[in-house]
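Visitor: Sharing a structure with you now.
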Amino acid sequence: MGPRAPLLLFFFLSWTGPLQGQQHHLVEYMERRLAALEERLAQCQDQSSRQAAELRDFKNKMLPLLEVAEKEREALRTEADTLSGRVDRLEREVDYLETQNPALPCVEQDEKATGGPGAKGKGRRNEKYDMVTDCGYTISQVRSMKILKRFGGASGLWTKDPLGPAEKIYVLDGTQNDTAFVFPRLRDFTLAMAARKASRIRVPFPWVGTGQLVYGGFLYYARRPPGEPGGGAELEDTLQLIKFHLANRTVVDSSVFPAEKLIPPYGLTGDTYIDLAADEEGLWAVYATRDDDRHLCLAKLDPQTLDTEQQWDTPCPRENAEAAFVICGTLYVVYNTRPASRARIQCSFDASGTLTPERAALSYFPRRYGAHASLRYNPRERQLYAWDDGYQIVYKLEMREKEEEV
């Protein structure tokens with residue numbers, strides 16, 4: 001080796017010494033970290049073991065309680081089934097008693113002697129109505145009920161157009177509003193966020209009450225006459241009928257309803273002053289005036305011009321009435337109580353004179369204690385669309401011939 005070999009050896013030894021020291025410190029650091037991790041893992045294992053033991057103890061305590069709760073649930077279910085059976089039997093007995101003991105007739109004794117409540121009225125036309133269709137059936141009973149959902153406030157109206165698309169739903173919420181909701185189909189209306197699926201139609205004048213009607217692509221409704229101040233006095237005078245084109249969103253016709261001193265026709269529904277209805281024969285209006293503040297009046301309207309074709313003074317009382325509808329030229333008035341109980345059809349008036357009071361069925365609505373803010377009959381489906389305290393309900397009707405004995 002040359003004279004440079006000792007020098008190279010010296011530099012090599014001086015460089016590897018610090019490296020070995022760093023490696024030693026690194027090994028010690030790793031050992032400390034591993035020991036800390038082992039200690040934490042041991043703690044986690046101990047904690048998991050304790051929690052598993054506590055969970056087993058909790059499970060052992062809960063199993064007997066769950067068995068007791070299941071037995072009590074079965075006992076409650078059995079009791080509820082028994083109670084439901086008793087209620088069903090009671091309902092059948094009540095229906096039988098109601099059939100055997102019908103409600104008092106709508107015509108009072110003094111009215112029978114004088115020819116009806118309109119004998120003293122001025123300009124009343126109580127002539128028999130000439131049917132324009134061969135419709136000759138009447139209600140046998142309100143067969144079933146289906147609650148669709150709850151939408152809007154306590155008062156409102158929901159319906160279909162009996163002459164329009166079969167699936168489209170119209171919803172008019174409130175007794176003084178100017179915006180109608182239109183749903184393309186019933187399924188969209190029943191969704192949780194139904195309002196998002198609806199289109200909105202705004203009418204130029206707000207409606208009054210829940211007497212609106214969708215018929216032949218038009219919205220018919222009553223409004224306060226123009227130029228009168230707000231308040232209640234103007235509603236006791238006259239109202240204006242509006243015919244609104246739903247597609248064009250324009251007012252195509254209007255007419256002052258030919259009856260003064262209007263009052264709410266239904267004693268239990270004080271917001272409605274003119275209740276419009278449609279059946280197989282066309283357009284009708286139910287109303288009442290101060291001239292005879294105890295009974296309802298019926299008018300046949302021309303849907304094209306809004307002219308009043310005929311008017312009748314009916315024997316149906318206003319007291320405890322909550323809604324009405326027309327089927328085949330016959331007015332059916334629904335009565336209730338306050339607070340609300342089981343609604344019933346207690347009075348009917350056939351404008352054609354075919355259906356006599358003896359043949360008219362007095363039908364009760366099925367098993368629901370509520371108050372109807374509106375009822376709309378669909379002649380195409382033979383169903384009633386009802387608004388009951390914000391709930392939208394469909395009633396299916398069973399029909400029979402008018403000449404058939406009850």
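Ligands are numbered from 1 in the order shown, chains are lettered A, B, ... in the order of the structure tokens, and residues start at 1 in each chain.
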Can you tell me, as a ChimeraX atom specification, what residues are no more than 7 Å from A:Asp173 when counting only C-alpha atoms, ignoring any on the same chain fewer than 3 positions away?

Guide: /A:152-153,155-157

Visitor: Quick one: residues within 7 Å of A:Asn336, only C-alpha atoms counted, chain neighbours fewer than 6 positions away excluded, as a compact mmCIF listing (two decimals) with N, CA and C atoms, in the first residue's frame?

Guide:
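File produced: around_31.txt:
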```txt
# COMPACT_ATOMS: atom_id res chain seq x y z
N ASN A 320 -127.96 23.30 9.74
CA ASN A 320 -127.09 22.12 9.83
C ASN A 320 -126.67 21.57 8.48
N ALA A 321 -126.95 22.26 7.39
CA ALA A 321 -126.43 21.83 6.09
C ALA A 321 -124.96 22.24 5.97
N GLU A 322 -124.14 21.38 5.35
CA GLU A 322 -122.72 21.69 5.19
C GLU A 322 -122.27 21.67 3.74
N ARG A 342 -121.16 12.33 12.12
CA ARG A 342 -121.23 11.55 10.88
C ARG A 342 -122.16 12.24 9.90
N ALA A 343 -121.63 12.62 8.73
CA ALA A 343 -122.42 13.34 7.74
C ALA A 343 -123.46 12.42 7.10
N ARG A 344 -124.55 13.01 6.63
CA ARG A 344 -125.65 12.23 6.07
C ARG A 344 -126.37 13.05 5.00
```

Visitor: Using only C-alpha atoms, determine which residues lie at most 8 Å from A:Arg290, disregarding the query and same-chain residues fewer than 2 positions distant; provide the list as a list in words.

Guide: Lys261, Leu262, Ile263, Ala288, Asp292 and Asp293 of chain A

Visitor: Please identify the strand (DSSP E) residues within stretch 135-311 of chain A (assignment by DSSP from backbone atoms) and present them as a VMD selection string.

Guide: chain A and resid 137 to 150 156 to 159 169 to 173 179 to 183 199 to 202 213 to 215 218 to 223 240 to 245 250 to 256 262 to 263 275 to 279 282 to 289 295 to 301 308 to 311

Visitor: Residues within 9 Å of stretch 158-168 of chain A, please, as a count of residues only. Count only C-alpha atoms; anything in the same chain fewer than 2 positions from it doesn't count.

Guide: 31

Visitor: Considering only C-alpha atoms, can you say which of A:Leu355, A:Cys316, A:Ile393, A:Leu63 comes closest to A:His372?

Guide: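 The closest residue to A:His372 is A:Ile393.
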